[in-house]
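K.L.:
Sharing protein.cif below, mmCIF, C-alpha atoms (C1' of nucleotides):
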data_upload
loop_
_atom_site.label_atom_id
_atom_site.label_comp_id
_atom_site.auth_asym_id
_atom_site.auth_seq_id
_atom_site.Cartn_x
_atom_site.Cartn_y
_atom_site.Cartn_z
CA MET L 1 0.00 0.00 0.00
CA PRO L 2 2.04 2.87 -1.26
CA GLU L 3 2.13 5.92 0.99
CA LEU L 4 4.60 8.80 0.92
CA PRO L 5 7.85 6.82 1.45
CA GLU L 6 6.95 4.25 -1.18
CA VAL L 7 5.89 6.88 -3.72
CA GLU L 8 9.11 8.79 -3.07
CA VAL L 9 11.16 5.64 -3.72
CA VAL L 10 9.35 5.28 -7.05
CA ARG L 11 9.90 8.96 -7.86
CA ARG L 12 13.63 8.58 -7.30
CA GLY L 13 13.67 5.56 -9.58
CA LEU L 14 11.91 7.50 -12.30
CA GLU L 15 14.34 10.38 -11.86
CA ARG L 16 17.20 8.01 -12.48
CA TRP L 17 15.77 5.84 -15.27
CA VAL L 18 13.11 7.87 -17.08
CA ALA L 19 13.81 11.60 -16.70
CA HIS L 20 15.08 13.42 -19.82
CA ARG L 21 14.01 10.66 -22.16
CA THR L 22 11.70 11.41 -25.09
CA VAL L 23 8.48 9.44 -25.56
CA ALA L 24 8.26 7.49 -28.82
CA ASP L 25 4.79 6.08 -28.23
CA ALA L 26 2.39 5.03 -25.50
CA GLU L 27 -0.12 2.23 -25.37
CA VAL L 28 -3.12 2.03 -23.02
CA LEU L 29 -4.12 -1.58 -22.42
CA HIS L 30 -6.92 -0.91 -19.93
CA PRO L 31 -9.04 2.26 -20.19
CA ARG L 32 -9.74 2.35 -16.46
CA ALA L 33 -6.05 3.09 -15.83
CA VAL L 34 -6.47 6.49 -17.53
CA ARG L 35 -10.04 7.23 -16.40
CA ARG L 36 -9.00 10.57 -14.92
CA HIS L 37 -7.88 11.62 -18.39
CA ILE L 38 -11.27 12.85 -19.55
CA ALA L 39 -10.42 12.98 -23.27
CA GLY L 40 -9.85 9.23 -23.27
CA PRO L 41 -7.11 6.63 -23.78
CA ASP L 42 -6.26 7.52 -27.41
CA ASP L 43 -5.90 11.20 -26.60
CA PHE L 44 -3.71 10.34 -23.60
CA ALA L 45 -1.37 8.20 -25.69
CA HIS L 46 -1.11 10.66 -28.59
CA ARG L 47 -0.34 13.63 -26.38
CA LEU L 48 2.75 11.96 -24.92
CA GLU L 49 4.40 11.23 -28.26
CA GLY L 50 7.48 13.22 -29.14
CA HIS L 51 7.75 14.97 -25.78
CA ARG L 52 10.66 14.86 -23.38
CA ILE L 53 10.14 13.95 -19.72
CA GLY L 54 11.34 16.48 -17.14
CA THR L 55 12.32 15.89 -13.52
CA PRO L 56 9.70 13.83 -11.66
CA SER L 57 7.99 15.55 -8.71
CA ARG L 58 5.83 14.40 -5.85
CA ARG L 59 3.33 15.77 -3.37
CA GLY L 60 1.98 13.32 -0.81
CA LYS L 61 1.03 10.15 -2.67
CA TYR L 62 0.80 11.82 -6.07
CA LEU L 63 3.75 11.99 -8.42
CA TRP L 64 4.03 13.54 -11.85
CA LEU L 65 6.33 13.64 -14.85
CA PRO L 66 6.47 17.07 -16.52
CA LEU L 67 6.22 16.95 -20.31
CA GLU L 68 8.69 19.59 -21.47
CA ASP L 69 7.36 22.45 -23.63
CA THR L 70 3.71 21.48 -23.15
CA GLY L 71 2.74 23.10 -19.83
CA GLN L 72 1.42 19.68 -18.87
CA ALA L 73 2.49 16.73 -16.77
CA ILE L 74 1.66 13.04 -16.55
CA LEU L 75 0.05 12.65 -13.13
CA ALA L 76 0.28 9.25 -11.47
CA HIS L 77 -1.39 7.79 -8.42
CA LEU L 78 -0.56 4.22 -7.42
CA GLY L 79 -3.79 3.69 -5.50
CA MET L 80 -3.63 0.38 -3.65
CA SER L 81 -1.63 -1.76 -6.00
CA GLY L 82 -0.17 0.42 -8.76
CA GLN L 83 3.42 -0.07 -9.87
CA LEU L 84 5.58 2.01 -12.20
CA LEU L 85 8.23 -0.34 -13.57
CA VAL L 86 11.21 0.25 -15.82
CA GLN L 87 11.45 -2.98 -17.78
CA PRO L 88 13.46 -4.32 -20.70
CA HIS L 89 11.42 -4.28 -23.92
CA GLU L 90 11.57 -8.05 -24.14
CA ALA L 91 10.27 -8.68 -20.59
CA PRO L 92 6.95 -10.54 -20.83
CA ALA L 93 3.83 -8.47 -20.20
CA GLU L 94 2.77 -8.48 -16.56
CA LYS L 95 -0.66 -9.95 -15.84
CA HIS L 96 -2.03 -6.54 -14.88
CA LEU L 97 -0.08 -4.37 -17.32
CA ARG L 98 -2.26 -1.29 -17.98
CA VAL L 99 -0.06 1.27 -19.78
CA ARG L 100 3.22 0.97 -21.70
CA VAL L 101 5.46 3.93 -22.67
CA ARG L 102 8.38 3.52 -25.08
CA PHE L 103 11.17 6.00 -25.65
CA THR L 104 13.11 7.20 -28.70
CA ASP L 105 16.60 6.48 -27.32
CA ALA L 106 18.60 3.31 -27.73
CA LEU L 107 18.34 2.28 -24.07
CA SER L 108 16.58 -1.05 -24.00
CA THR L 109 13.99 -0.14 -21.35
CA GLU L 110 10.39 1.06 -21.30
CA LEU L 111 8.08 2.42 -18.60
CA ARG L 112 5.14 0.25 -17.54
CA PHE L 113 2.15 0.99 -15.32
CA VAL L 114 0.94 -2.24 -13.73
CA ASP L 115 -2.06 -2.27 -11.38
CA GLN L 116 -3.98 -5.24 -10.07
CA ARG L 117 -6.89 -3.45 -8.39
CA THR L 118 -7.00 -0.45 -10.73
CA PHE L 119 -7.52 2.11 -7.97
CA GLY L 120 -4.53 3.96 -9.35
CA GLY L 121 -4.03 5.57 -12.72
CA LEU L 122 -2.30 8.00 -15.06
CA SER L 123 -3.65 11.22 -16.58
CA LEU L 124 -2.43 14.38 -18.26
CA HIS L 125 -3.09 17.81 -16.75
CA ASP L 126 -2.09 21.44 -17.12
CA THR L 127 0.39 22.58 -14.52
CA THR L 128 0.00 25.74 -12.45
CA PRO L 129 2.82 28.34 -12.40
CA ASP L 130 4.50 26.50 -9.50
CA GLY L 131 4.58 23.29 -11.55
CA LEU L 132 1.74 21.49 -9.74
CA PRO L 133 -0.87 19.64 -11.84
CA ASP L 134 -4.05 21.70 -11.52
CA VAL L 135 -6.23 18.81 -10.36
CA ILE L 136 -4.20 18.30 -7.18
CA ALA L 137 -4.27 21.91 -6.06
CA HIS L 138 -6.40 20.82 -3.07
CA ILE L 139 -3.76 18.34 -1.86
CA ALA L 140 -1.87 19.75 1.13
CA ARG L 141 1.92 19.83 1.29
CA ASP L 142 3.33 16.69 2.87
CA PRO L 143 5.30 16.54 6.15
CA LEU L 144 8.64 16.06 4.36
CA ASP L 145 8.07 19.21 2.28
CA PRO L 146 10.27 22.03 3.67
CA LEU L 147 7.34 24.40 3.14
CA PHE L 148 4.89 22.34 5.22
CA ASP L 149 3.42 24.76 7.76
CA ASP L 150 3.37 23.12 11.22
CA GLU L 151 1.57 26.04 12.83
CA ALA L 152 -1.17 26.10 10.19
CA PHE L 153 -1.60 22.34 10.63
CA HIS L 154 -1.97 22.75 14.38
CA LEU L 155 -4.55 25.51 13.98
CA ALA L 156 -6.46 23.37 11.48
CA LEU L 157 -6.54 20.49 13.97
CA ARG L 158 -7.88 22.80 16.67
CA ARG L 159 -10.58 24.09 14.33
CA LYS L 160 -11.82 20.65 13.27
CA ARG L 161 -14.51 18.62 14.99
CA THR L 162 -13.11 15.23 14.14
CA THR L 163 -10.65 12.64 15.42
CA ILE L 164 -6.90 12.46 14.91
CA LYS L 165 -6.65 9.50 12.58
CA ARG L 166 -9.29 10.91 10.25
CA ALA L 167 -7.31 14.14 10.19
CA LEU L 168 -4.03 12.35 9.44
CA LEU L 169 -5.68 10.62 6.49
CA ASP L 170 -7.26 13.85 5.21
CA GLN L 171 -5.02 14.72 2.25
CA SER L 172 -6.21 18.31 2.25
CA LEU L 173 -4.76 18.81 5.76
CA ILE L 174 -1.54 16.81 5.50
CA SER L 175 -0.72 14.59 2.53
CA GLY L 176 1.16 11.35 2.11
CA VAL L 177 -0.10 9.63 5.28
CA GLY L 178 -2.11 6.43 4.80
CA ASN L 179 -3.35 3.72 7.14
CA ILE L 180 0.06 2.19 7.87
CA TYR L 181 2.02 5.33 8.76
CA ALA L 182 -0.96 6.83 10.60
CA ASP L 183 -1.03 3.83 12.94
CA GLU L 184 2.77 3.85 13.28
CA ALA L 185 2.94 7.57 14.13
CA LEU L 186 0.04 7.29 16.61
CA TRP L 187 1.72 4.34 18.35
CA ARG L 188 5.00 6.26 18.62
CA SER L 189 3.07 9.25 20.02
CA ARG L 190 1.06 7.06 22.45
CA LEU L 191 -2.12 8.49 21.00
CA HIS L 192 -5.43 6.72 20.49
CA TYR L 193 -6.82 7.05 16.97
CA GLU L 194 -10.07 8.54 18.25
CA ARG L 195 -8.50 11.42 20.16
CA PRO L 196 -10.45 14.58 19.19
CA THR L 197 -8.29 16.94 17.16
CA ALA L 198 -9.63 19.93 19.10
CA THR L 199 -7.82 18.69 22.24
CA PHE L 200 -4.34 18.98 20.71
CA THR L 201 -1.87 21.37 22.29
CA ARG L 202 1.02 22.89 20.35
CA PRO L 203 3.56 20.54 21.95
CA GLY L 204 1.25 17.60 21.27
CA THR L 205 0.93 18.46 17.61
CA ALA L 206 4.67 19.03 17.38
CA GLU L 207 5.40 15.62 18.88
CA LEU L 208 2.98 13.89 16.53
CA LEU L 209 4.44 15.62 13.46
CA GLY L 210 7.91 14.67 14.67
CA HIS L 211 6.90 11.00 14.79
CA VAL L 212 5.20 11.17 11.39
CA ARG L 213 8.43 12.52 9.93
CA ASP L 214 10.66 10.07 11.80
CA VAL L 215 8.73 6.99 10.75
CA MET L 216 8.52 8.13 7.14
CA ASN L 217 12.23 8.91 6.97
CA ALA L 218 13.07 5.55 8.54
CA ALA L 219 10.91 3.76 5.97
CA LEU L 220 12.41 5.77 3.12
CA ALA L 221 15.91 4.77 4.23
CA VAL L 222 15.12 1.07 3.68
CA GLY L 223 13.10 1.36 0.49
CA GLY L 224 9.60 1.64 1.99
CA THR L 225 7.08 -0.90 3.30
CA SER L 226 6.14 -3.91 1.17
CA PHE L 227 3.50 -5.43 3.43
CA ASP L 228 1.85 -7.67 0.84
CA SER L 229 4.36 -7.54 -2.03
CA LEU L 230 2.12 -5.32 -4.14
CA TYR L 231 4.46 -2.42 -3.56
CA VAL L 232 7.82 -2.48 -5.36
CA ASN L 233 10.26 0.11 -6.69
CA VAL L 234 10.77 0.75 -10.43
CA ASN L 235 13.09 -2.26 -10.60
CA GLY L 236 10.51 -4.57 -9.03
CA GLU L 237 12.25 -4.77 -5.64
CA SER L 238 10.43 -4.74 -2.27
CA GLY L 239 11.29 -2.45 0.64
CA TYR L 240 12.23 -3.71 4.08
CA PHE L 241 10.29 -1.51 6.49
CA ASP L 242 7.58 -4.15 7.06
CA ARG L 243 9.88 -5.79 9.60
CA SER L 244 10.22 -2.51 11.52
CA LEU L 245 6.49 -1.85 11.90
CA ASP L 246 5.45 -1.38 15.54
CA ALA L 247 1.67 -1.30 15.12
CA TYR L 248 0.30 -2.07 11.67
CA GLY L 249 -0.55 -5.75 11.19
CA ARG L 250 0.50 -6.73 14.75
CA GLU L 251 -2.86 -7.84 16.18
CA GLY L 252 -2.28 -10.16 19.15
CA LEU L 253 1.49 -9.61 19.15
CA PRO L 254 3.11 -7.94 22.19
CA CYS L 255 3.45 -4.16 22.16
CA ARG L 256 7.15 -3.41 21.62
CA ARG L 257 6.99 -0.91 24.53
CA CYS L 258 4.91 -2.65 27.20
CA ALA L 259 4.27 -6.22 25.91
CA THR L 260 0.48 -5.84 26.11
CA PRO L 261 -1.17 -7.70 23.19
CA MET L 262 -1.85 -5.29 20.35
CA ARG L 263 -5.43 -4.87 19.16
CA ARG L 264 -7.11 -4.39 15.81
CA ARG L 265 -10.39 -2.52 15.52
CA PRO L 266 -12.55 -2.15 12.41
CA TRP L 267 -12.47 1.50 11.51
CA MET L 268 -13.73 3.33 8.41
CA ASN L 269 -13.90 0.15 6.30
CA ARG L 270 -10.33 -0.70 7.24
CA SER L 271 -8.43 -1.46 10.45
CA SER L 272 -6.72 0.43 13.24
CA TYR L 273 -3.92 -1.28 15.13
CA PHE L 274 -3.00 0.04 18.57
CA CYS L 275 -1.77 -0.86 22.04
CA PRO L 276 -4.69 -0.72 24.51
CA LYS L 277 -2.35 0.23 27.35
CA CYS L 278 -0.03 2.78 25.72
CA GLN L 279 -2.77 4.35 23.61
CA ARG L 280 -5.72 4.90 25.93
CA ALA L 281 -9.11 5.71 24.47
CA PRO L 282 -10.15 9.32 25.09
CA ARG L 283 -12.85 9.96 27.65
CA PRO L 284 -16.33 10.02 26.09
CA ALA L 285 -17.43 13.62 25.60
"C1'" DA H 286 -21.09 23.26 5.11
"C1'" DA H 287 -18.25 20.21 7.40
"C1'" DG H 288 -18.03 15.56 8.36
"C1'" DC H 289 -18.95 11.10 7.35
"C1'" DT H 290 -20.27 6.88 4.38
"C1'" DC H 291 -20.19 4.58 0.25
"C1'" DT H 292 -18.07 2.76 -3.92
"C1'" DC H 293 -14.73 1.40 -7.21
"C1'" DC H 294 -11.47 -3.29 -8.00
"C1'" DT H 295 -9.00 -8.06 -7.75
"C1'" DG H 296 -6.84 -11.74 -5.31
"C1'" DA H 297 -5.76 -14.10 -1.01
"C1'" DT H 298 -7.64 -16.39 2.65
"C1'" DG H 299 -10.80 -18.84 5.75
"C1'" DG H 300 -14.98 -21.35 7.07
"C1'" DC H 301 -18.06 -25.06 6.17
"C1'" DT W 302 -13.22 -29.68 -3.26
"C1'" DG W 303 -16.02 -25.91 -4.16
"C1'" DC W 304 -18.30 -21.93 -2.97
"C1'" DC W 305 -19.25 -17.87 -0.65
"C1'" DA W 306 -17.94 -14.20 2.56
"C1'" DT W 307 -14.48 -11.24 4.18
"C1'" DC W 308 -10.58 -8.29 3.93
"C1'" DA W 309 -7.05 -5.13 1.98
"C1'" DG W 310 -7.94 0.58 1.32
"C1'" DG W 311 -7.07 5.80 -1.49
"C1'" DA W 312 -9.87 9.24 -2.83
"C1'" DG W 313 -13.69 11.48 -4.49
"C1'" DA W 314 -18.77 11.52 -5.12
"C1'" DG W 315 -22.66 12.07 -2.64
"C1'" DC W 316 -25.46 12.35 1.44
"C1'" DT W 317 -26.89 14.47 5.88
#
For this file, produce the structure as structure tokens.
P.N.:
Amino acid sequence: MPELPEVEVVRRGLERWVAHRTVADAEVLHPRAVRRHIAGPDDFAHRLEGHRIGTPSRRGKYLWLPLEDTGQAILAHLGMSGQLLVQPHEAPAEKHLRVRVRFTDALSTELRFVDQRTFGGLSLHDTTPDGLPDVIAHIARDPLDPLFDDEAFHLALRRKRTTIKRALLDQSLISGVGNIYADEALWRSRLHYERPTATFTRPGTAELLGHVRDVMNAALAVGGTSFDSLYVNVNGESGYFDRSLDAYGREGLPCRRCATPMRRRPWMNRSSYFCPKCQRAPRPA
DNA sequence: AAGCTCTCCTGATGGC
DNA sequence: TGCCATCAGGAGAGCT
């Protein structure tokens, strides 16, 4: 499940293997993979041809490849199971290959978008003057962005009438955090996922943001989390952070701080993992 | 109007 | 063994 660290690993791979190459042609094998490109699969493919790829960028879980001299960029979201792979031309087609992009140079590799569950996708969009695709203007800066505004985030938490995990997953407040890193950061902060955001103090918010950044940087350093092998880098390799997870997926296992068995609770059509002793439920209002 | 629920999708897994 | 239910969950549409 790609979140910020995993998407950043992919971005770095694209920077190394795809940036500055010119598109020869593109092929859409499954229309759902480009459903956010309103003009359709043929238009998407044709508009890439002949254009050079700039330096890949990322905000939260979105990444994009600028198309030089067009004012547009290829926007990518990996969803649950999307992969951007740099493969030799002769590599057999993956079972869930959705889009293929070939280049004009003599390097023997092509870019492939592979996605089992098709929650992810590619699309082309105009970029705003700061280089951001216009359709993700509502996505907040992510916590590893030097321009992320900690004070504004704190004030937004105070203003909201919701709970902390919902807020962490709200991409318009803070981007790049998904279910795994939310649970990890909350465990590190000894916070229950249902703590009301309005109760946060400045030091409390600062501590939480510190843990969000720490856990994401630690994951980034080992290539991200590959919990179920659906996440891989552009060379098809898994990351190693799954073995460093303290909360996510650890139902029944001892808390690494206090040895109390960890719990899993159904939450928003997914799961929350937490230590019932370290992360006490807030008092009912 | 903010906050919350629902829906899209495929494959792995478990119960009977 | 086969069949059905459940689970994984990002993000935006839609509802209250």
K.L.:
Near Gln116 in chain L, counting only C-alpha atoms (C1' of nucleotides), which residues have an atom at most 10 Å away, once you skip same-chain residues fewer than 6 positions from it, shown as a PyMOL selection string?
P.N.:
(chain L and resi 80-83+94-98+230) or (chain H and resi 294-296)
K.L.:
The PyMOL selection byres ((chain L) within 8 of (chain W)) on the file shown: which residues, as a VMD selection string?
P.N.:
chain L and resid 79 to 80 119 269 to 270
K.L.:
Those selected residues, please, written with C-alpha atoms and delivered as a short mmCIF file (atom, residue, chain, number, x, y, z; two decimals), keeping the file's coordinate frame.
P.N.:
data_model
loop_
_atom_site.label_atom_id
_atom_site.label_comp_id
_atom_site.auth_asym_id
_atom_site.auth_seq_id
_atom_site.Cartn_x
_atom_site.Cartn_y
_atom_site.Cartn_z
CA GLY L 79 -3.79 3.69 -5.50
CA MET L 80 -3.63 0.38 -3.65
CA PHE L 119 -7.52 2.11 -7.97
CA ASN L 269 -13.90 0.15 6.30
CA ARG L 270 -10.33 -0.70 7.24
#
K.L.:
At a cut-off of 9 Å, list the chain L residues touching chain H, using all atoms listed in the file, as a VMD selection string.
P.N.:
chain L and resid 116 to 119 160 to 162 268
K.L.:
Would you compute the distance between CA of Val7 in chain L and CA of His125 in chain L? Give it in Å to one decimal.
P.N.:
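CA of Val7 in chain L sits 19.2 Å away from CA of His125 in chain L.
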K.L.:
Report as a list in words all protein, DNA and RNA residues lying within 6 Å of range 243-250 of chain L, evaluated on all atoms listed in the file, omitting residues in the same chain fewer than 2 positions from it.
P.N.:
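Everything that qualifies: Ile180, Glu184, Phe241, Leu253, Tyr273 and Phe274 of chain L.
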K.L.:
Save the residues we just selected, C-alpha atoms, as a PDB file, keeping the file's coordinate frame?
P.N.:
ATOM      1  CA  ILE L 180       0.060   2.190   7.870  1.00  0.00           C
ATOM      2  CA  GLU L 184       2.770   3.850  13.280  1.00  0.00           C
ATOM      3  CA  PHE L 241      10.290  -1.510   6.490  1.00  0.00           C
ATOM      4  CA  LEU L 253       1.490  -9.610  19.150  1.00  0.00           C
ATOM      5  CA  TYR L 273      -3.920  -1.280  15.130  1.00  0.00           C
ATOM      6  CA  PHE L 274      -3.000   0.040  18.570  1.00  0.00           C
TER       7      PHE L 274
END
K.L.:
Listed atoms of range 286-299 of chain H, axis-aligned box, 8 Å per side: centre and edge lengths to one decimal in Å, as JSON?
P.N.:
{"center_x": -13.4, "center_y": 2.2, "center_z": 0.2, "size_x": 31.3, "size_y": 58.1, "size_z": 32.4}
K.L.:
For a test of reading the model, state the distance in Å between CA of Arg58 in chain L and CA of Glu8 in chain L, rounded to one decimal.
P.N.:
7.1 Å
K.L.:
Could you list the residues chosen by the PyMOL selection byres ((chain L and resi 169) around 12) in this structure as a PyMOL selection string?
P.N.:
(chain L and resi 3-4+60-61+139-140+142+162-168+170-183+185+193+212+268) or (chain W and resi 310-312)
K.L.:
Generate the output file for the selected residues, C-alpha atoms (C1' of nucleotides), as a PDB file, in the coordinates of the input.
P.N.:
ATOM      1  CA  GLU L   3       2.130   5.920   0.990  1.00  0.00           C
ATOM      2  CA  LEU L   4       4.600   8.800   0.920  1.00  0.00           C
ATOM      3  CA  GLY L  60       1.980  13.320  -0.810  1.00  0.00           C
ATOM      4  CA  LYS L  61       1.030  10.150  -2.670  1.00  0.00           C
ATOM      5  CA  ILE L 139      -3.760  18.340  -1.860  1.00  0.00           C
ATOM      6  CA  ALA L 140      -1.870  19.750   1.130  1.00  0.00           C
ATOM      7  CA  ASP L 142       3.330  16.690   2.870  1.00  0.00           C
ATOM      8  CA  THR L 162     -13.110  15.230  14.140  1.00  0.00           C
ATOM      9  CA  THR L 163     -10.650  12.640  15.420  1.00  0.00           C
ATOM     10  CA  ILE L 164      -6.900  12.460  14.910  1.00  0.00           C
ATOM     11  CA  LYS L 165      -6.650   9.500  12.580  1.00  0.00           C
ATOM     12  CA  ARG L 166      -9.290  10.910  10.250  1.00  0.00           C
ATOM     13  CA  ALA L 167      -7.310  14.140  10.190  1.00  0.00           C
ATOM     14  CA  LEU L 168      -4.030  12.350   9.440  1.00  0.00           C
ATOM     15  CA  ASP L 170      -7.260  13.850   5.210  1.00  0.00           C
ATOM     16  CA  GLN L 171      -5.020  14.720   2.250  1.00  0.00           C
ATOM     17  CA  SER L 172      -6.210  18.310   2.250  1.00  0.00           C
ATOM     18  CA  LEU L 173      -4.760  18.810   5.760  1.00  0.00           C
ATOM     19  CA  ILE L 174      -1.540  16.810   5.500  1.00  0.00           C
ATOM     20  CA  SER L 175      -0.720  14.590   2.530  1.00  0.00           C
ATOM     21  CA  GLY L 176       1.160  11.350   2.110  1.00  0.00           C
ATOM     22  CA  VAL L 177      -0.100   9.630   5.280  1.00  0.00           C
ATOM     23  CA  GLY L 178      -2.110   6.430   4.800  1.00  0.00           C
ATOM     24  CA  ASN L 179      -3.350   3.720   7.140  1.00  0.00           C
ATOM     25  CA  ILE L 180       0.060   2.190   7.870  1.00  0.00           C
ATOM     26  CA  TYR L 181       2.020   5.330   8.760  1.00  0.00           C
ATOM     27  CA  ALA L 182      -0.960   6.830  10.600  1.00  0.00           C
ATOM     28  CA  ASP L 183      -1.030   3.830  12.940  1.00  0.00           C
ATOM     29  CA  ALA L 185       2.940   7.570  14.130  1.00  0.00           C
ATOM     30  CA  TYR L 193      -6.820   7.050  16.970  1.00  0.00           C
ATOM     31  CA  VAL L 212       5.200  11.170  11.390  1.00  0.00           C
ATOM     32  CA  MET L 268     -13.730   3.330   8.410  1.00  0.00           C
TER      33      MET L 268
ATOM     34  C1'  DG W 310      -7.940   0.580   1.320  1.00  0.00           C
ATOM     35  C1'  DG W 311      -7.070   5.800  -1.490  1.00  0.00           C
ATOM     36  C1'  DA W 312      -9.870   9.240  -2.830  1.00  0.00           C
TER      37       DA W 312
END
K.L.:
Between CA of Glu110 in chain L and CA of Trp17 in chain L, what is the distance, to one decimal in Å?
P.N.:
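Atom-to-atom, CA of Glu110 in chain L to CA of Trp17 in chain L, that is 9.4 Å.
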K.L.:
Give me the residues within 9 Å of Ser108 in chain L as a short mmCIF file (atom, residue, chain, number, x, y, z; two decimals) with C-alpha atoms, in the frame of the given file, counting all atoms listed in the file and dropping any in the same chain fewer than 4 places off.
P.N.:
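Result written to result-v5.cif:
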data_model
loop_
_atom_site.label_atom_id
_atom_site.label_comp_id
_atom_site.auth_asym_id
_atom_site.auth_seq_id
_atom_site.Cartn_x
_atom_site.Cartn_y
_atom_site.Cartn_z
CA GLN L 87 11.45 -2.98 -17.78
CA PRO L 88 13.46 -4.32 -20.70
CA HIS L 89 11.42 -4.28 -23.92
CA GLU L 90 11.57 -8.05 -24.14
#
K.L.:
Any chance you could resolve the PyMOL selection byres ((chain L and resi 264) around 8) against this file and give the residues as a count of residues only?
P.N.:
9
K.L.:
Dig up all the protein and nucleic acid residues within 9 Å of (9.9, 7.3, -8.4) in the file frame, using only C-alpha atoms (C1' of nucleotides), and format them as a VMD selection string.
P.N.:
chain L and resid 6 to 16 56 to 58 63 84 233 to 234
